[in-house]
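Data block below; observations after.
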Amino acid sequence: MTDTVAAKIPVTVLTGYLGAGKTTLLNRILTEDHGKRYAVIVNEFGEIGIDNDLVVGADEDVFEMNNGCVCCTVRGDLIRVVAGLMKRQRPGKPAFDAIIVETTGLADPGPVAQTFFVDDDVKAKTRLDSVTTLVDARHVMARLDDSREAREQVAFADRIILNKTDLATEAELVAVERRLRALNPLAPITRAERANVPLDQVLGLGGFDLERILDIHPEFANPAHGEAGHVHDEHCGHDHHDHHDHGHSHDHHHHDHGNPDNPDTVSEPGIGPRGHDHADDIKGISLSLDRPMNGVKFTAWLDQLLGQQGQNILRAKGIIDVQGEDRRLVFQAVHMILEGDLQRSWGPDERRWSRAVFIGRELDEAQLRAGFEACAA
Ligand SMILES: Nc1nc2c(ncn2[C@@H]2O[C@H](COP(=O)(O)OP(=O)(O)OP(=O)(O)O)[C@@H](O)[C@H]2O)c(=O)[nH]1
């Protein structure tokens, strides 16, 4: 028994609301000198891969799941990706020491975690090691008020990392901790800045506690439709129709639930991640431009935009092709807090283009697009 458990590849699910610091932690894990080989699965929000591109130096082992709506389609994707990973070989040992799944900030981690219990193939070869939830010390209180996903992420955690402690006072941190404790009395809370937690507090915890989750979600291990790989589970059942609180609006819900193995069936044009509106009025807008941008204009536009609409912009990020600059300009924002810098050079064969994703409420897509394109050099 113990042998089988040991032979299974541990899976860590990293979750946390938009901009909490998941990619920062992931990059820390991937760059630390640990001699381990990790496979990383990122659940991309929006149709133009940016997240994937922001994960450092791990090209060959980063796998993208190509949509944002975790409750509907990710299970099928995840099973496919994990099954593919299992086929890889390393002499004498499993292909990977661990698998890390980064969920989108809008995801309820339930269906992702559930995948490791319902699909027989996945279950035979992997074990869920822990769900680690990152929390943005500065913004989490508001998100716990208005987002069911944010609350679920905290409730589900085996470990909580209270990140961005540099952006909050001690009194605020204590208040946040009290609130987190109320939602999840058991998960240890570790404070962090730039997700600087020791890796042994994230990986190899053996921490996923099925019994605790069954207390929160008695139906967890027994999905309504029961079938391995069935993506339209009980989360879908209540979330789509009953729970206005959950805030998923699936107005654009054209995809075929009966065919989780064919992610193409979810591909559709339109706003947001493959046309899905998340959390009622939250939407994602993806912009791109094939001409170089004027760096000064772009920065001024972005500053002004965040100044005026930062309250409504939950998250923004992008990779910009600046005229006269060999390096890629990478920017990120969470509400009004903006960070940007010139990172690595564009590769000789790399497509030079600018792309950005804005996720928020009451965003005017036409206006954003016009503003973005007006920054062309
Ligand atoms: N001040 C401060 N900024 C941080 C800290 N940790 C991360 N950031 C910044 O916060 C922004 C979001 O961090 P990410 O790691 O991309 O967050 P994420 O959870 O992966 O975001 P999504 O994948 O979009 O949900 C980036 O600009 C980070 O550099 C921190 O401890 N303090």
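Starting from 1 in every chain, residues are counted up; chains themselves are A, B, ... following the order of the structure tokens, and ligands are numbered from 1 as listed.
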
Review point. Do you know which residues are within 7 Å of ligand 1 using only C-alpha atoms and all ligand atoms? Can you write them as a VMD selection string?
Key: chain A and resid 16 to 25 51 104 to 105 163 to 167 192 to 195 315 332 to 334 338 to 339

Check your understanding: Which residues, written as a VMD selection string, have at least one atom at most 10 Å from A:Val322, with only C-alpha atoms counted and residues fewer than 5 positions away on the same chain left out?
Key -> chain A and resid 291 to 296 298 327 to 329 342 352 to 354 375 to 377

Practice item. Write out as a PyMOL selection string all residues of stretch 108-200 of chain A that DSSP puts in helix (DSSP H, G or I) for this structure's backbone. Key: chain A and resi 109-118+120-125+140-146+148-156+165-167+170-183+199-200

Quick one: write out the picked residues with N, CA and C atoms as a short mmCIF file (atom, residue, chain, number, x, y, z; two decimals), in the first residue's frame?
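Written output follows (out34.cif):
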```
data_model
loop_
_atom_site.label_atom_id
_atom_site.label_comp_id
_atom_site.auth_asym_id
_atom_site.auth_seq_id
_atom_site.Cartn_x
_atom_site.Cartn_y
_atom_site.Cartn_z
N PRO A 109 -11.35 25.57 -7.04
CA PRO A 109 -10.40 24.46 -7.15
C PRO A 109 -11.04 23.09 -7.06
N GLY A 110 -12.30 23.04 -6.66
CA GLY A 110 -12.97 21.76 -6.45
C GLY A 110 -12.85 20.80 -7.62
N PRO A 111 -13.31 21.21 -8.80
CA PRO A 111 -13.27 20.27 -9.93
C PRO A 111 -11.86 19.82 -10.31
N VAL A 112 -10.88 20.69 -10.11
CA VAL A 112 -9.51 20.30 -10.43
C VAL A 112 -9.05 19.22 -9.45
N ALA A 113 -9.27 19.48 -8.17
CA ALA A 113 -8.88 18.51 -7.15
C ALA A 113 -9.62 17.19 -7.36
N GLN A 114 -10.86 17.31 -7.71
CA GLN A 114 -11.72 16.14 -7.88
C GLN A 114 -11.19 15.21 -8.98
N THR A 115 -10.60 15.81 -9.99
CA THR A 115 -10.08 15.02 -11.11
C THR A 115 -9.20 13.88 -10.63
N PHE A 116 -8.46 14.14 -9.55
CA PHE A 116 -7.50 13.15 -9.08
C PHE A 116 -8.17 12.03 -8.29
N PHE A 117 -9.46 12.12 -8.16
CA PHE A 117 -10.19 11.06 -7.47
C PHE A 117 -11.20 10.34 -8.36
N VAL A 118 -11.56 10.96 -9.46
CA VAL A 118 -12.63 10.33 -10.23
C VAL A 118 -12.17 9.58 -11.48
N ASP A 120 -10.00 6.93 -13.29
CA ASP A 120 -9.24 5.76 -12.83
C ASP A 120 -7.78 5.79 -13.22
N ASP A 121 -7.50 6.18 -14.46
CA ASP A 121 -6.11 6.21 -14.91
C ASP A 121 -5.30 7.22 -14.13
N VAL A 122 -5.90 8.39 -13.97
CA VAL A 122 -5.21 9.45 -13.23
C VAL A 122 -5.01 9.02 -11.78
N LYS A 123 -6.05 8.44 -11.23
CA LYS A 123 -6.01 8.00 -9.83
C LYS A 123 -4.93 6.94 -9.61
N ALA A 124 -4.75 6.08 -10.61
CA ALA A 124 -3.78 4.99 -10.46
C ALA A 124 -2.35 5.51 -10.44
N LYS A 125 -2.12 6.65 -11.07
CA LYS A 125 -0.73 7.09 -11.24
C LYS A 125 -0.35 8.35 -10.49
N VAL A 140 -7.50 40.84 -0.60
CA VAL A 140 -8.31 39.64 -0.35
C VAL A 140 -9.64 39.93 0.37
N MET A 141 -9.65 40.91 1.25
CA MET A 141 -10.87 41.16 2.02
C MET A 141 -12.03 41.48 1.08
N ALA A 142 -11.78 42.35 0.12
CA ALA A 142 -12.84 42.72 -0.83
C ALA A 142 -13.26 41.50 -1.65
N ARG A 143 -12.28 40.68 -2.02
CA ARG A 143 -12.63 39.51 -2.85
C ARG A 143 -13.43 38.47 -2.04
N LEU A 144 -13.12 38.35 -0.77
CA LEU A 144 -13.88 37.40 0.04
C LEU A 144 -15.32 37.88 0.17
N ASP A 145 -15.50 39.19 0.11
CA ASP A 145 -16.86 39.74 0.14
C ASP A 145 -17.62 39.45 -1.14
N ASP A 146 -16.93 39.62 -2.27
CA ASP A 146 -17.73 39.61 -3.51
C ASP A 146 -17.51 38.39 -4.39
N ARG A 148 -17.39 34.21 -4.70
CA ARG A 148 -17.52 32.86 -4.15
C ARG A 148 -16.27 32.04 -4.44
N GLU A 149 -15.69 32.24 -5.61
CA GLU A 149 -14.47 31.48 -5.94
C GLU A 149 -13.37 31.78 -4.92
N ALA A 150 -13.25 33.06 -4.56
CA ALA A 150 -12.20 33.43 -3.60
C ALA A 150 -12.44 32.70 -2.28
N ARG A 151 -13.70 32.61 -1.87
CA ARG A 151 -13.99 31.91 -0.60
C ARG A 151 -13.74 30.41 -0.73
N GLU A 152 -14.14 29.85 -1.86
CA GLU A 152 -13.90 28.41 -2.08
C GLU A 152 -12.41 28.09 -2.04
N GLN A 153 -11.64 28.96 -2.68
CA GLN A 153 -10.20 28.72 -2.74
C GLN A 153 -9.61 28.65 -1.33
N VAL A 154 -10.08 29.52 -0.47
CA VAL A 154 -9.58 29.52 0.90
C VAL A 154 -10.10 28.30 1.65
N ALA A 155 -11.37 28.01 1.47
CA ALA A 155 -11.96 26.89 2.20
C ALA A 155 -11.31 25.56 1.82
N PHE A 156 -10.90 25.46 0.57
CA PHE A 156 -10.34 24.22 0.04
C PHE A 156 -8.89 23.99 0.43
N THR A 165 2.66 40.60 1.81
CA THR A 165 2.61 41.20 3.14
C THR A 165 3.23 42.59 3.14
N ASP A 166 4.03 42.89 2.12
CA ASP A 166 4.63 44.22 2.04
C ASP A 166 3.57 45.29 1.73
N LEU A 167 2.42 44.88 1.26
CA LEU A 167 1.40 45.86 0.86
C LEU A 167 0.32 46.04 1.93
N GLU A 170 0.55 45.52 9.71
CA GLU A 170 0.44 44.38 10.62
C GLU A 170 -1.02 44.19 11.07
N ALA A 171 -1.67 45.30 11.36
CA ALA A 171 -3.07 45.19 11.82
C ALA A 171 -3.94 44.60 10.71
N GLU A 172 -3.69 45.02 9.48
CA GLU A 172 -4.47 44.47 8.37
C GLU A 172 -4.20 42.97 8.20
N LEU A 173 -2.94 42.61 8.37
CA LEU A 173 -2.59 41.20 8.21
C LEU A 173 -3.28 40.34 9.28
N VAL A 174 -3.32 40.86 10.47
CA VAL A 174 -3.96 40.12 11.56
C VAL A 174 -5.46 39.96 11.25
N ALA A 175 -6.06 41.03 10.74
CA ALA A 175 -7.50 40.96 10.42
C ALA A 175 -7.74 39.97 9.29
N VAL A 176 -6.86 39.98 8.29
CA VAL A 176 -7.00 39.03 7.19
C VAL A 176 -6.88 37.60 7.72
N GLU A 177 -5.89 37.39 8.57
CA GLU A 177 -5.68 36.04 9.10
C GLU A 177 -6.90 35.55 9.88
N ARG A 178 -7.50 36.48 10.61
CA ARG A 178 -8.69 36.09 11.39
C ARG A 178 -9.80 35.66 10.42
N ARG A 179 -9.95 36.40 9.35
CA ARG A 179 -11.00 36.09 8.38
C ARG A 179 -10.72 34.76 7.66
N LEU A 180 -9.47 34.53 7.34
CA LEU A 180 -9.11 33.27 6.67
C LEU A 180 -9.36 32.09 7.60
N ARG A 181 -9.00 32.29 8.85
CA ARG A 181 -9.20 31.26 9.87
C ARG A 181 -10.67 30.87 9.99
N ALA A 182 -11.52 31.89 9.90
CA ALA A 182 -12.96 31.62 10.03
C ALA A 182 -13.45 30.75 8.87
N LEU A 183 -12.86 30.97 7.70
CA LEU A 183 -13.27 30.18 6.54
C LEU A 183 -12.60 28.81 6.52
N LEU A 199 10.17 25.82 -0.06
CA LEU A 199 9.44 24.88 -0.92
C LEU A 199 8.86 23.70 -0.17
N ASP A 200 9.51 23.35 0.94
CA ASP A 200 8.96 22.18 1.66
C ASP A 200 7.65 22.53 2.36
#
```

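Of all the residues in stretch 134-199 of chain A, the ones DSSP labels as strand (DSSP E or B) from the backbone are Leu134, Val135, Asp136, Arg159, Ile160, Ile161, Leu162, Asn163, Ile189, Thr190 and Arg191 of chain A.
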
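Counting only C-alpha atoms, the residue from A:Leu289, A:Lys36, A:Val197, A:Leu363 that sits nearest to A:Gln308 is A:Leu363.
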
Exercise for review: Please indicate the distance in Å from atom CA of A:His335 to atom CA of A:Ile359, rounded to one decimal place.
Suggested key: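 Separation between atom CA of A:His335 and atom CA of A:Ile359: 9.9 Å.
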
Shell of 10 Å around stretch 92-95 of chain A, only C-alpha atoms, local chain residues under 2 positions omitted, as an mmCIF file with C-alpha atoms, in the first residue's frame:
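As a result, result_0.cif now contains:
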```cif
data_model
loop_
_atom_site.group_PDB
_atom_site.id
_atom_site.type_symbol
_atom_site.label_atom_id
_atom_site.label_comp_id
_atom_site.auth_asym_id
_atom_site.auth_seq_id
_atom_site.Cartn_x
_atom_site.Cartn_y
_atom_site.Cartn_z
ATOM 1 C CA ALA A 7 5.141 5.391 -6.537
ATOM 2 C CA LYS A 8 2.365 7.733 -7.440
ATOM 3 C CA ILE A 9 3.402 11.128 -8.671
ATOM 4 C CA ARG A 37 11.906 17.615 -12.422
ATOM 5 C CA TYR A 38 8.480 19.171 -12.235
ATOM 6 C CA ALA A 39 5.772 19.169 -14.816
ATOM 7 C CA LEU A 85 2.626 13.110 -18.965
ATOM 8 C CA MET A 86 2.417 9.580 -17.639
ATOM 9 C CA LYS A 87 3.557 8.197 -20.974
ATOM 10 C CA ARG A 88 6.860 10.008 -20.722
ATOM 11 C CA GLN A 89 9.782 8.015 -19.441
ATOM 12 C CA ARG A 90 12.876 8.588 -17.393
ATOM 13 C CA ASP A 97 9.031 14.086 -9.477
ATOM 14 C CA ALA A 98 5.871 16.074 -9.117
ATOM 15 C CA LYS A 125 -0.728 7.091 -11.242
#
```
